[in-house]
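Reproduced below: protein27.cif, with mmCIF, C-alpha atoms and all ligand atoms.
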data_data
loop_
_atom_site.group_PDB
_atom_site.id
_atom_site.type_symbol
_atom_site.label_atom_id
_atom_site.label_comp_id
_atom_site.auth_asym_id
_atom_site.auth_seq_id
_atom_site.Cartn_x
_atom_site.Cartn_y
_atom_site.Cartn_z
ATOM 1 C CA MET A 56 -87.568 84.354 -19.078
ATOM 2 C CA SER A 57 -85.190 85.949 -16.603
ATOM 3 C CA THR A 58 -81.505 85.069 -16.522
ATOM 4 C CA PRO A 59 -81.024 81.863 -14.552
ATOM 5 C CA LEU A 60 -78.748 81.871 -11.529
ATOM 6 C CA LEU A 61 -76.969 78.828 -12.887
ATOM 7 C CA GLU A 62 -77.272 77.114 -16.219
ATOM 8 C CA LEU A 63 -75.729 74.098 -17.884
ATOM 9 C CA THR A 64 -76.004 73.898 -21.655
ATOM 10 C CA GLY A 65 -75.073 70.780 -23.594
ATOM 11 C CA VAL A 66 -72.754 69.664 -20.833
ATOM 12 C CA THR A 67 -70.738 66.485 -21.028
ATOM 13 C CA ARG A 68 -68.230 65.230 -18.477
ATOM 14 C CA THR A 69 -66.036 62.305 -19.339
ATOM 15 C CA PHE A 70 -63.633 60.531 -16.991
ATOM 16 C CA GLY A 71 -60.824 58.611 -18.663
ATOM 17 C CA ARG A 72 -61.633 57.047 -21.990
ATOM 18 C CA THR A 73 -64.824 55.256 -21.210
ATOM 19 C CA THR A 74 -66.813 56.848 -18.389
ATOM 20 C CA GLN A 75 -69.328 59.358 -19.681
ATOM 21 C CA ALA A 76 -70.707 60.666 -16.425
ATOM 22 C CA LEU A 77 -72.815 63.371 -18.136
ATOM 23 C CA ARG A 78 -73.934 63.311 -21.754
ATOM 24 C CA GLY A 79 -75.484 66.492 -23.104
ATOM 25 C CA VAL A 80 -77.162 67.870 -19.991
ATOM 26 C CA ASP A 81 -79.186 71.092 -20.043
ATOM 27 C CA LEU A 82 -80.275 72.478 -16.684
ATOM 28 C CA ARG A 83 -81.540 75.852 -15.481
ATOM 29 C CA VAL A 84 -81.537 76.929 -11.859
ATOM 30 C CA GLU A 85 -83.808 79.943 -11.544
ATOM 31 C CA ALA A 86 -84.127 82.191 -8.513
ATOM 32 C CA GLY A 87 -86.685 80.885 -6.074
ATOM 33 C CA ARG A 88 -87.327 77.681 -7.995
ATOM 34 C CA GLY A 89 -85.611 74.844 -6.216
ATOM 35 C CA VAL A 90 -84.415 71.929 -8.318
ATOM 36 C CA GLY A 91 -84.281 68.357 -7.106
ATOM 37 C CA ILE A 92 -82.025 65.910 -8.910
ATOM 38 C CA VAL A 93 -82.872 62.259 -8.607
ATOM 39 C CA GLY A 94 -81.453 59.118 -10.167
ATOM 40 C CA GLU A 95 -79.749 55.880 -9.285
ATOM 41 C CA SER A 96 -76.234 55.527 -7.978
ATOM 42 C CA GLY A 97 -73.798 56.376 -10.767
ATOM 43 C CA ALA A 98 -76.355 58.453 -12.712
ATOM 44 C CA GLY A 99 -74.077 61.510 -12.582
ATOM 45 C CA LYS A 100 -75.772 63.536 -9.846
ATOM 46 C CA SER A 101 -72.669 64.480 -7.867
ATOM 47 C CA THR A 102 -70.740 65.163 -11.062
ATOM 48 C CA LEU A 103 -73.483 67.593 -12.067
ATOM 49 C CA LEU A 104 -73.383 69.349 -8.682
ATOM 50 C CA ARG A 105 -69.609 69.705 -8.855
ATOM 51 C CA LEU A 106 -69.996 71.484 -12.197
ATOM 52 C CA LEU A 107 -72.683 73.798 -10.781
ATOM 53 C CA LEU A 108 -70.336 74.592 -7.892
ATOM 54 C CA ALA A 109 -67.401 75.274 -10.245
ATOM 55 C CA LEU A 110 -65.406 72.587 -8.444
ATOM 56 C CA ASP A 111 -64.976 70.855 -11.801
ATOM 57 C CA SER A 112 -65.181 71.854 -15.468
ATOM 58 C CA PRO A 113 -67.182 70.208 -18.228
ATOM 59 C CA THR A 114 -65.467 68.215 -20.963
ATOM 60 C CA SER A 115 -67.708 70.080 -23.398
ATOM 61 C CA GLY A 116 -70.669 72.424 -23.149
ATOM 62 C CA THR A 117 -71.020 75.520 -20.987
ATOM 63 C CA VAL A 118 -71.775 76.401 -17.386
ATOM 64 C CA THR A 119 -72.921 79.920 -16.660
ATOM 65 C CA TYR A 120 -73.523 81.862 -13.460
ATOM 66 C CA ARG A 121 -75.985 84.758 -13.778
ATOM 67 C CA GLY A 122 -75.644 84.568 -17.538
ATOM 68 C CA GLU A 123 -71.840 84.531 -17.778
ATOM 69 C CA PRO A 124 -69.216 81.810 -17.674
ATOM 70 C CA LEU A 125 -67.268 82.043 -14.414
ATOM 71 C CA ASP A 126 -63.716 83.208 -15.097
ATOM 72 C CA ARG A 127 -61.702 81.198 -12.602
ATOM 73 C CA ARG A 128 -58.694 83.517 -12.950
ATOM 74 C CA ASP A 129 -60.772 86.464 -11.749
ATOM 75 C CA ARG A 130 -60.381 85.998 -8.014
ATOM 76 C CA SER A 131 -62.927 88.561 -6.950
ATOM 77 C CA ALA A 132 -65.495 87.034 -9.363
ATOM 78 C CA VAL A 133 -64.755 83.605 -7.880
ATOM 79 C CA ARG A 134 -65.228 85.015 -4.368
ATOM 80 C CA ARG A 135 -68.555 86.561 -5.332
ATOM 81 C CA PHE A 136 -69.616 83.225 -6.812
ATOM 82 C CA ARG A 137 -68.528 81.238 -3.750
ATOM 83 C CA ARG A 138 -70.402 83.622 -1.527
ATOM 84 C CA ASP A 139 -73.560 83.323 -3.568
ATOM 85 C CA VAL A 140 -73.528 79.566 -4.183
ATOM 86 C CA GLN A 141 -72.860 77.526 -1.063
ATOM 87 C CA VAL A 142 -72.871 73.790 -0.441
ATOM 88 C CA VAL A 143 -73.762 71.212 2.173
ATOM 89 C CA PHE A 144 -72.323 67.743 1.723
ATOM 90 C CA GLN A 145 -73.672 64.391 2.742
ATOM 91 C CA ASP A 146 -71.568 63.541 5.736
ATOM 92 C CA PRO A 147 -70.897 66.219 8.360
ATOM 93 C CA ARG A 148 -68.309 63.937 9.983
ATOM 94 C CA SER A 149 -65.974 64.437 7.044
ATOM 95 C CA SER A 150 -67.042 67.956 6.047
ATOM 96 C CA LEU A 151 -66.335 69.572 9.453
ATOM 97 C CA ASP A 152 -62.710 69.909 10.569
ATOM 98 C CA PRO A 153 -62.530 68.030 13.900
ATOM 99 C CA ARG A 154 -59.691 70.234 15.207
ATOM 100 C CA GLN A 155 -61.595 73.495 14.873
ATOM 101 C CA ARG A 156 -64.167 74.885 17.244
ATOM 102 C CA VAL A 157 -67.653 75.369 15.900
ATOM 103 C CA GLY A 158 -67.356 79.161 16.005
ATOM 104 C CA SER A 159 -64.323 79.039 13.770
ATOM 105 C CA ILE A 160 -65.884 76.472 11.419
ATOM 106 C CA VAL A 161 -68.996 78.555 10.864
ATOM 107 C CA ALA A 162 -66.933 81.743 10.415
ATOM 108 C CA GLU A 163 -64.636 80.107 7.855
ATOM 109 C CA PRO A 164 -66.468 81.267 4.689
ATOM 110 C CA LEU A 165 -66.721 84.770 6.161
ATOM 111 C CA ARG A 166 -62.942 84.830 6.548
ATOM 112 C CA SER A 167 -61.970 83.143 3.300
ATOM 113 C CA LEU A 168 -64.483 85.090 1.220
ATOM 114 C CA ARG A 169 -63.583 88.338 2.994
ATOM 115 C CA VAL A 170 -67.142 89.113 3.960
ATOM 116 C CA GLU A 171 -67.425 92.470 5.689
ATOM 117 C CA GLY A 172 -69.094 92.996 9.031
ATOM 118 C CA ASP A 173 -69.033 91.488 12.493
ATOM 119 C CA HIS A 174 -68.229 87.798 11.982
ATOM 120 C CA ARG A 175 -68.923 86.760 15.560
ATOM 121 C CA ALA A 176 -72.345 88.332 15.486
ATOM 122 C CA ARG A 177 -73.122 86.693 12.155
ATOM 123 C CA VAL A 178 -72.001 83.299 13.509
ATOM 124 C CA ARG A 179 -74.332 83.631 16.503
ATOM 125 C CA GLU A 180 -77.152 84.680 14.224
ATOM 126 C CA VAL A 181 -76.844 81.719 11.835
ATOM 127 C CA LEU A 182 -76.378 79.252 14.670
ATOM 128 C CA ALA A 183 -79.612 80.518 16.168
ATOM 129 C CA SER A 184 -81.373 80.185 12.832
ATOM 130 C CA VAL A 185 -80.427 76.484 12.651
ATOM 131 C CA GLY A 186 -81.570 75.943 16.236
ATOM 132 C CA LEU A 187 -78.234 75.873 18.092
ATOM 133 C CA ASP A 188 -77.358 77.890 21.183
ATOM 134 C CA ALA A 189 -74.654 80.548 21.067
ATOM 135 C CA ASP A 190 -72.472 78.596 23.526
ATOM 136 C CA VAL A 191 -71.766 75.856 20.967
ATOM 137 C CA VAL A 192 -69.100 78.109 19.420
ATOM 138 C CA ASP A 193 -66.500 76.892 21.923
ATOM 139 C CA ARG A 194 -67.111 73.195 21.350
ATOM 140 C CA TYR A 195 -65.710 70.745 18.773
ATOM 141 C CA PRO A 196 -67.670 68.781 16.145
ATOM 142 C CA ALA A 197 -67.119 65.471 17.955
ATOM 143 C CA GLN A 198 -69.223 66.767 20.849
ATOM 144 C CA PHE A 199 -72.340 66.827 18.676
ATOM 145 C CA SER A 200 -74.749 64.298 17.250
ATOM 146 C CA GLY A 201 -74.954 63.700 13.505
ATOM 147 C CA GLY A 202 -78.047 65.870 13.161
ATOM 148 C CA GLN A 203 -76.449 68.700 15.115
ATOM 149 C CA ARG A 204 -73.300 68.429 13.012
ATOM 150 C CA GLN A 205 -75.358 68.778 9.873
ATOM 151 C CA ARG A 206 -76.991 71.877 11.395
ATOM 152 C CA ILE A 207 -73.485 73.280 11.917
ATOM 153 C CA ALA A 208 -72.633 72.553 8.273
ATOM 154 C CA ILE A 209 -75.841 74.290 7.188
ATOM 155 C CA ALA A 210 -75.055 77.288 9.407
ATOM 156 C CA ARG A 211 -71.604 77.554 7.824
ATOM 157 C CA ALA A 212 -73.150 77.464 4.344
ATOM 158 C CA LEU A 213 -75.656 80.195 5.233
ATOM 159 C CA ALA A 214 -73.155 82.471 6.971
ATOM 160 C CA PRO A 215 -72.191 84.429 3.821
ATOM 161 C CA ARG A 216 -75.887 84.845 2.842
ATOM 162 C CA PRO A 217 -75.908 82.803 -0.358
ATOM 163 C CA SER A 218 -78.762 82.870 -2.865
ATOM 164 C CA VAL A 219 -78.251 79.233 -3.791
ATOM 165 C CA LEU A 220 -77.724 76.303 -1.452
ATOM 166 C CA VAL A 221 -76.522 73.141 -3.165
ATOM 167 C CA ALA A 222 -76.925 69.973 -1.137
ATOM 168 C CA ASP A 223 -75.768 66.466 -2.049
ATOM 169 C CA GLU A 224 -77.756 63.922 -0.041
ATOM 170 C CA PRO A 225 -77.890 66.219 3.007
ATOM 171 C CA VAL A 226 -79.706 63.799 5.290
ATOM 172 C CA SER A 227 -78.810 60.335 4.067
ATOM 173 C CA ALA A 228 -75.881 59.954 6.495
ATOM 174 C CA LEU A 229 -78.153 60.815 9.440
ATOM 175 C CA ASP A 230 -80.234 58.592 11.676
ATOM 176 C CA VAL A 231 -83.692 58.126 10.264
ATOM 177 C CA SER A 232 -85.143 59.727 13.407
ATOM 178 C CA VAL A 233 -83.443 63.087 12.795
ATOM 179 C CA ARG A 234 -83.769 63.259 9.009
ATOM 180 C CA ARG A 235 -87.180 64.850 9.122
ATOM 181 C CA GLN A 236 -85.997 67.569 11.497
ATOM 182 C CA VAL A 237 -83.177 68.523 9.140
ATOM 183 C CA VAL A 238 -85.503 68.469 6.108
ATOM 184 C CA ASP A 239 -87.964 70.693 7.996
ATOM 185 C CA LEU A 240 -85.092 73.008 8.886
ATOM 186 C CA LEU A 241 -84.071 73.270 5.214
ATOM 187 C CA ALA A 242 -87.684 74.032 4.279
ATOM 188 C CA ARG A 243 -87.899 76.784 6.876
ATOM 189 C CA LEU A 244 -84.544 78.305 5.897
ATOM 190 C CA ARG A 245 -85.554 78.216 2.239
ATOM 191 C CA ASP A 246 -88.663 80.232 3.047
ATOM 192 C CA GLU A 247 -87.064 82.616 5.533
ATOM 193 C CA HIS A 248 -83.968 83.411 3.477
ATOM 194 C CA GLY A 249 -85.499 83.062 0.011
ATOM 195 C CA LEU A 250 -82.894 80.416 -0.744
ATOM 196 C CA THR A 251 -82.877 78.573 -4.034
ATOM 197 C CA LEU A 252 -82.137 74.937 -3.302
ATOM 198 C CA VAL A 253 -80.427 72.504 -5.628
ATOM 199 C CA LEU A 254 -80.787 69.179 -3.966
ATOM 200 C CA VAL A 255 -79.669 65.663 -4.742
ATOM 201 C CA SER A 256 -81.526 62.986 -2.845
ATOM 202 C CA HIS A 257 -82.242 59.303 -3.199
ATOM 203 C CA ASP A 258 -85.343 60.001 -1.186
ATOM 204 C CA ILE A 259 -87.878 61.448 -3.565
ATOM 205 C CA ALA A 260 -90.151 62.511 -0.724
ATOM 206 C CA ILE A 261 -87.469 64.974 0.384
ATOM 207 C CA VAL A 262 -87.292 66.444 -3.102
ATOM 208 C CA GLY A 263 -91.084 66.585 -2.995
ATOM 209 C CA GLN A 264 -91.017 68.680 0.124
ATOM 210 C CA LEU A 265 -88.199 71.015 -0.834
ATOM 211 C CA CYS A 266 -88.075 71.569 -4.591
ATOM 212 C CA GLU A 267 -90.481 73.057 -7.134
ATOM 213 C CA ARG A 268 -88.872 71.241 -10.061
ATOM 214 C CA THR A 269 -87.451 67.770 -10.409
ATOM 215 C CA VAL A 270 -84.878 66.526 -12.873
ATOM 216 C CA VAL A 271 -84.419 62.789 -13.376
ATOM 217 C CA LEU A 272 -80.931 61.710 -14.395
ATOM 218 C CA HIS A 273 -80.257 58.312 -15.845
ATOM 219 C CA ASP A 274 -76.843 57.314 -17.105
ATOM 220 C CA GLY A 275 -75.715 60.906 -17.512
ATOM 221 C CA VAL A 276 -78.817 62.004 -19.415
ATOM 222 C CA VAL A 277 -81.831 64.013 -18.224
ATOM 223 C CA VAL A 278 -84.666 61.611 -19.014
ATOM 224 C CA GLU A 279 -87.477 63.559 -17.399
ATOM 225 C CA GLU A 280 -87.959 67.021 -15.966
ATOM 226 C CA GLY A 281 -90.894 69.052 -14.766
ATOM 227 C CA ALA A 282 -92.904 70.365 -11.851
ATOM 228 C CA THR A 283 -92.127 68.131 -8.883
ATOM 229 C CA ARG A 284 -95.779 67.363 -8.272
ATOM 230 C CA GLU A 285 -96.162 66.073 -11.799
ATOM 231 C CA VAL A 286 -92.958 64.089 -11.902
ATOM 232 C CA LEU A 287 -93.758 62.450 -8.567
ATOM 233 C CA THR A 288 -97.428 61.750 -9.130
ATOM 234 C CA ALA A 289 -97.580 61.186 -12.881
ATOM 235 C CA PRO A 290 -94.125 60.228 -14.144
ATOM 236 C CA ARG A 291 -94.012 59.852 -17.912
ATOM 237 C CA GLU A 292 -90.852 57.809 -18.224
ATOM 238 C CA PRO A 293 -90.671 54.130 -17.269
ATOM 239 C CA TYR A 294 -87.304 54.858 -15.650
ATOM 240 C CA THR A 295 -88.899 57.434 -13.330
ATOM 241 C CA GLN A 296 -91.749 55.067 -12.566
ATOM 242 C CA ARG A 297 -89.276 52.378 -11.489
ATOM 243 C CA LEU A 298 -87.324 54.877 -9.437
ATOM 244 C CA LEU A 299 -90.479 55.991 -7.621
ATOM 245 C CA ALA A 300 -91.443 52.409 -6.906
ATOM 246 C CA ALA A 301 -87.988 51.620 -5.503
ATOM 247 C CA VAL A 302 -87.239 54.517 -3.180
ATOM 248 C CA PRO A 303 -87.901 54.747 0.522
ATOM 249 C CA ARG A 304 -90.147 57.566 1.678
ATOM 250 C CA LEU A 305 -90.279 59.789 4.690
ATOM 251 C CA PRO A 306 -93.604 59.699 6.458
ATOM 252 C CA ASP A 307 -95.919 62.731 6.198
ATOM 253 C CA ALA A 308 -94.241 64.474 3.280
ATOM 254 C CA THR A 309 -96.405 66.618 1.084
ATOM 255 C CA PRO A 310 -95.194 67.431 -2.403
ATOM 256 C CA ALA A 311 -94.345 71.077 -3.078
ATOM 257 C CA GLY A 312 -94.831 73.077 -6.274
HETATM 258 N N1 LIG B 401 -63.377 61.678 -10.316
HETATM 259 C C1 LIG B 401 -63.858 60.639 -11.016
HETATM 260 N N2 LIG B 401 -63.036 59.826 -11.700
HETATM 261 C C2 LIG B 401 -63.513 58.801 -12.438
HETATM 262 N N3 LIG B 401 -64.811 58.487 -12.541
HETATM 263 C C3 LIG B 401 -65.691 59.254 -11.877
HETATM 264 C C4 LIG B 401 -65.263 60.371 -11.084
HETATM 265 N N4 LIG B 401 -66.369 60.944 -10.529
HETATM 266 C C5 LIG B 401 -67.419 60.245 -10.967
HETATM 267 N N5 LIG B 401 -67.017 59.232 -11.776
HETATM 268 C C6 LIG B 401 -67.894 58.269 -12.456
HETATM 269 O O1 LIG B 401 -68.937 58.994 -13.069
HETATM 270 C C7 LIG B 401 -70.189 58.328 -12.953
HETATM 271 C C8 LIG B 401 -71.185 59.212 -12.218
HETATM 272 O O2 LIG B 401 -70.747 59.368 -10.873
HETATM 273 P P1 LIG B 401 -71.475 60.307 -9.818
HETATM 274 O O3 LIG B 401 -70.648 60.291 -8.592
HETATM 275 O O4 LIG B 401 -71.747 61.624 -10.435
HETATM 276 O O5 LIG B 401 -72.838 59.519 -9.596
HETATM 277 P P2 LIG B 401 -74.007 59.791 -8.529
HETATM 278 O O6 LIG B 401 -75.266 59.895 -9.308
HETATM 279 O O7 LIG B 401 -73.637 60.923 -7.668
HETATM 280 O O8 LIG B 401 -74.010 58.439 -7.706
HETATM 281 P P3 LIG B 401 -74.333 58.192 -6.116
HETATM 282 O O9 LIG B 401 -75.834 58.190 -6.009
HETATM 283 O O10 LIG B 401 -73.768 56.843 -5.841
HETATM 284 O O11 LIG B 401 -73.691 59.263 -5.328
HETATM 285 C C9 LIG B 401 -69.881 57.008 -12.237
HETATM 286 O O12 LIG B 401 -69.671 56.022 -13.216
HETATM 287 C C10 LIG B 401 -68.602 57.323 -11.493
HETATM 288 O O13 LIG B 401 -67.849 56.147 -11.294
HETATM 289 MG MG MG B 402 -73.278 61.120 -5.646
#

Once you've parsed the file, please lay out its structure as structure tokens.
Ligand SMILES: Nc1ncnc2c1ncn2[C@@H]1O[C@H](COP(=O)(O)OP(=O)(O)OP(=O)(O)O)[C@@H](O)[C@H]1O
Ligand SMILES: [Mg+2]
Amino acid sequence: MSTPLLELTGVTRTFGRTTQALRGVDLRVEAGRGVGIVGESGAGKSTLLRLLLALDSPTSGTVTYRGEPLDRRDRSAVRRFRRDVQVVFQDPRSSLDPRQRVGSIVAEPLRSLRVEGDHRARVREVLASVGLDADVVDRYPAQFSGGQRQRIAIARALAPRPSVLVADEPVSALDVSVRRQVVDLLARLRDEHGLTLVLVSHDIAIVGQLCERTVVLHDGVVVEEGATREVLTAPREPYTQRLLAAVPRLPDATPAG
């Protein structure tokens, strides 16, 4: 097996004395094999993503990036990591600075990660790839709909050409009518840019469309994991079966992988 892009081994994360958000989680994120993470509220999904993004550290266990633990004191290593592993959060209202123009928002990772090249050209290019016109650069986030704002957040994440895009409920704050468009956009970007997606979603149909593998988290433990098609159509665990029965579905989704 090749070295995974990201890997958690025996990871626990405890908050305070009593909350065990993750209890002995193993997870591999391999290039080109998107991973969907599903589970009820409080299962530990966001905690897991924060560890993958090096925004938090495990209480025990290890997190590696391309086979090595990330040394947070090594600033150029951290910059390389941040460039390679980007994130889109749930709510573009809170993730986009309302006082900045779109052009500056999308260029932000290029500036902070000191990416070389023509930033303005790159901003226009990524805006086009998410379906926004070049003239949006002079406008502010409030002038856009929720779906458009999420496109801006996706453009910002793609600007530094990451290999991995981590997304925590990327469409659940959006109107139902625009969710499918944003899911279709993510699918297209995944194919065009060879992105590896790590996606948390309550909506298993979205995981079905976007991710080759699915991991089911329950109470901080991975209770089931496998090819998405198998987990979605023939879940082994009663917990997964209940989860599948309970979740809403997008119309017309076809399972991937
Ligand atoms: N910073 C924190 N301080 C204390 N407890 C936390 C913290 N972050 C998460 N937790 C707790 O850890 C557990 C897992 O939370 P987490 O946010 O990872 O769940 P989740 O699966 O993302 O849930 P949701 O679907 O509601 O987003 C919960 O019991 C939560 O209250
Ligand atoms: Mg969460």

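One distance worth recording is that between atom CA of Leu106 of chain A and atom CA of Ser150 of chain A, which is 18.8 Å.
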
Check your understanding: Using all atoms listed in the file, can you list as a PyMOL selection string the residues within 12 Å of (-76.9, 81.0, 15.9)?
Key -> chain A and resi 157-158+161-162+174-192+206-207+209-211+213-214

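Contacts with ligand MG 402 (chain B) are defined as any residue atom within 10 Å of a ligand atom, using only C-alpha atoms and all ligand atoms; the residues meeting this criterion are A:Gly94, A:Glu95, A:Ser96, A:Gly97, A:Ala98, A:Gly99, A:Lys100, A:Ser101, A:Thr102, A:Leu103, A:Leu104, A:Arg105, A:Phe144, A:Gln145, A:Asp223, A:Glu224, A:Val255, A:Ser256, A:His257.
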
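Each of A:His273, A:Arg235, A:Arg138, A:Arg83 was checked against ligand LIG 401 (chain B) using all atoms listed in the file; the smallest atom-to-atom distance is that of A:His273.
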
Quick one: apply the PyMOL selection byres (((chain A and resi 269) around 12) and not hetatm) to the file and drop the selected residues here as an mmCIF file with C-alpha atoms, in the coordinates of the input.
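Result file is out-v2.cif:
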data_model
loop_
_atom_site.group_PDB
_atom_site.id
_atom_site.type_symbol
_atom_site.label_atom_id
_atom_site.label_comp_id
_atom_site.auth_asym_id
_atom_site.auth_seq_id
_atom_site.Cartn_x
_atom_site.Cartn_y
_atom_site.Cartn_z
ATOM 1 C CA LEU A 82 -80.275 72.478 -16.684
ATOM 2 C CA ARG A 83 -81.540 75.852 -15.481
ATOM 3 C CA VAL A 84 -81.537 76.929 -11.859
ATOM 4 C CA ARG A 88 -87.327 77.681 -7.995
ATOM 5 C CA GLY A 89 -85.611 74.844 -6.216
ATOM 6 C CA VAL A 90 -84.415 71.929 -8.318
ATOM 7 C CA GLY A 91 -84.281 68.357 -7.106
ATOM 8 C CA ILE A 92 -82.025 65.910 -8.910
ATOM 9 C CA VAL A 93 -82.872 62.259 -8.607
ATOM 10 C CA GLY A 94 -81.453 59.118 -10.167
ATOM 11 C CA LEU A 252 -82.137 74.937 -3.302
ATOM 12 C CA VAL A 253 -80.427 72.504 -5.628
ATOM 13 C CA LEU A 254 -80.787 69.179 -3.966
ATOM 14 C CA VAL A 255 -79.669 65.663 -4.742
ATOM 15 C CA SER A 256 -81.526 62.986 -2.845
ATOM 16 C CA ILE A 259 -87.878 61.448 -3.565
ATOM 17 C CA ALA A 260 -90.151 62.511 -0.724
ATOM 18 C CA ILE A 261 -87.469 64.974 0.384
ATOM 19 C CA VAL A 262 -87.292 66.444 -3.102
ATOM 20 C CA GLY A 263 -91.084 66.585 -2.995
ATOM 21 C CA GLN A 264 -91.017 68.680 0.124
ATOM 22 C CA LEU A 265 -88.199 71.015 -0.834
ATOM 23 C CA CYS A 266 -88.075 71.569 -4.591
ATOM 24 C CA GLU A 267 -90.481 73.057 -7.134
ATOM 25 C CA ARG A 268 -88.872 71.241 -10.061
ATOM 26 C CA VAL A 270 -84.878 66.526 -12.873
ATOM 27 C CA VAL A 271 -84.419 62.789 -13.376
ATOM 28 C CA LEU A 272 -80.931 61.710 -14.395
ATOM 29 C CA VAL A 277 -81.831 64.013 -18.224
ATOM 30 C CA VAL A 278 -84.666 61.611 -19.014
ATOM 31 C CA GLU A 279 -87.477 63.559 -17.399
ATOM 32 C CA GLU A 280 -87.959 67.021 -15.966
ATOM 33 C CA GLY A 281 -90.894 69.052 -14.766
ATOM 34 C CA ALA A 282 -92.904 70.365 -11.851
ATOM 35 C CA THR A 283 -92.127 68.131 -8.883
ATOM 36 C CA ARG A 284 -95.779 67.363 -8.272
ATOM 37 C CA GLU A 285 -96.162 66.073 -11.799
ATOM 38 C CA VAL A 286 -92.958 64.089 -11.902
ATOM 39 C CA LEU A 287 -93.758 62.450 -8.567
ATOM 40 C CA THR A 288 -97.428 61.750 -9.130
ATOM 41 C CA PRO A 290 -94.125 60.228 -14.144
ATOM 42 C CA THR A 295 -88.899 57.434 -13.330
ATOM 43 C CA PRO A 310 -95.194 67.431 -2.403
ATOM 44 C CA ALA A 311 -94.345 71.077 -3.078
ATOM 45 C CA GLY A 312 -94.831 73.077 -6.274
#

Report as a short mmCIF file (atom, residue, chain, number, x, y, z; two decimals) with C-alpha atoms, in the coordinates of the input the residues that result from applying the PyMOL selection byres (((chain A and resi 67-76) around 8) and not hetatm) to the structure here.
data_model
loop_
_atom_site.label_atom_id
_atom_site.label_comp_id
_atom_site.auth_asym_id
_atom_site.auth_seq_id
_atom_site.Cartn_x
_atom_site.Cartn_y
_atom_site.Cartn_z
CA GLY A 65 -75.07 70.78 -23.59
CA VAL A 66 -72.75 69.66 -20.83
CA LEU A 77 -72.82 63.37 -18.14
CA ARG A 78 -73.93 63.31 -21.75
CA GLY A 79 -75.48 66.49 -23.10
CA VAL A 80 -77.16 67.87 -19.99
CA GLY A 97 -73.80 56.38 -10.77
CA ALA A 98 -76.36 58.45 -12.71
CA GLY A 99 -74.08 61.51 -12.58
CA THR A 102 -70.74 65.16 -11.06
CA SER A 112 -65.18 71.85 -15.47
CA PRO A 113 -67.18 70.21 -18.23
CA THR A 114 -65.47 68.22 -20.96
CA SER A 115 -67.71 70.08 -23.40
CA GLY A 116 -70.67 72.42 -23.15
CA ASP A 274 -76.84 57.31 -17.10
CA GLY A 275 -75.72 60.91 -17.51
#

Check your understanding: When distances are computed from all atoms listed in the file, which of A:Leu168, A:Gln155, A:Asp146, A:Ala228 shows the smallest separation from Ala132 of chain A?
Key -> A:Leu168

Review point. Hey, what comes out of the PyMOL selection byres (((chain A and resi 119) around 9) and not hetatm) on this file? Could you write it as a ChimeraX atom specification?
Key: /A:59-64,107,117-118,120-125

Would you put the residues from that selection into a file with C-alpha atoms, as an mmCIF file, in the coordinates of the input?
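Ended up saving to selection.cif:
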data_model
loop_
_atom_site.group_PDB
_atom_site.id
_atom_site.type_symbol
_atom_site.label_atom_id
_atom_site.label_comp_id
_atom_site.auth_asym_id
_atom_site.auth_seq_id
_atom_site.Cartn_x
_atom_site.Cartn_y
_atom_site.Cartn_z
ATOM 1 C CA PRO A 59 -81.024 81.863 -14.552
ATOM 2 C CA LEU A 60 -78.748 81.871 -11.529
ATOM 3 C CA LEU A 61 -76.969 78.828 -12.887
ATOM 4 C CA GLU A 62 -77.272 77.114 -16.219
ATOM 5 C CA LEU A 63 -75.729 74.098 -17.884
ATOM 6 C CA THR A 64 -76.004 73.898 -21.655
ATOM 7 C CA LEU A 107 -72.683 73.798 -10.781
ATOM 8 C CA THR A 117 -71.020 75.520 -20.987
ATOM 9 C CA VAL A 118 -71.775 76.401 -17.386
ATOM 10 C CA TYR A 120 -73.523 81.862 -13.460
ATOM 11 C CA ARG A 121 -75.985 84.758 -13.778
ATOM 12 C CA GLY A 122 -75.644 84.568 -17.538
ATOM 13 C CA GLU A 123 -71.840 84.531 -17.778
ATOM 14 C CA PRO A 124 -69.216 81.810 -17.674
ATOM 15 C CA LEU A 125 -67.268 82.043 -14.414
#

For segment 246-249 of chain A, take all atoms listed in the file, fit an axis-aligned box around them, add 6 Å to each of the six sides, then output centre and edge lengths in Å rounded to one decimal, as AutoDock Vina command-line options.
--center_x -86.3 --center_y 81.8 --center_z 2.8 --size_x 16.7 --size_y 15.2 --size_z 17.5

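If only C-alpha atoms and all ligand atoms are the atoms counted, then among A:Val170, A:Leu110, A:Leu250, A:Ala242 the closest residue to ligand LIG 401 (chain B) is A:Leu110.
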
Point to revise | Nearest-residue call for ligand LIG 401 (chain B), choices A:Thr251, A:Ser227, A:Ser159, A:Ser149, using all atoms listed in the file | key: A:Ser227

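Between ligand LIG 401 (chain B) and the residues A:Ser57, A:Arg243, A:Gly202, A:Asp111, the shortest atom-to-atom distance, using all atoms listed in the file, involves A:Asp111.
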
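Of the listed residues (A:Pro147, A:Gln205, A:Pro215, A:Arg194), A:Pro215 comes nearest to Ser167 of chain A; the distances count all atoms listed in the file.
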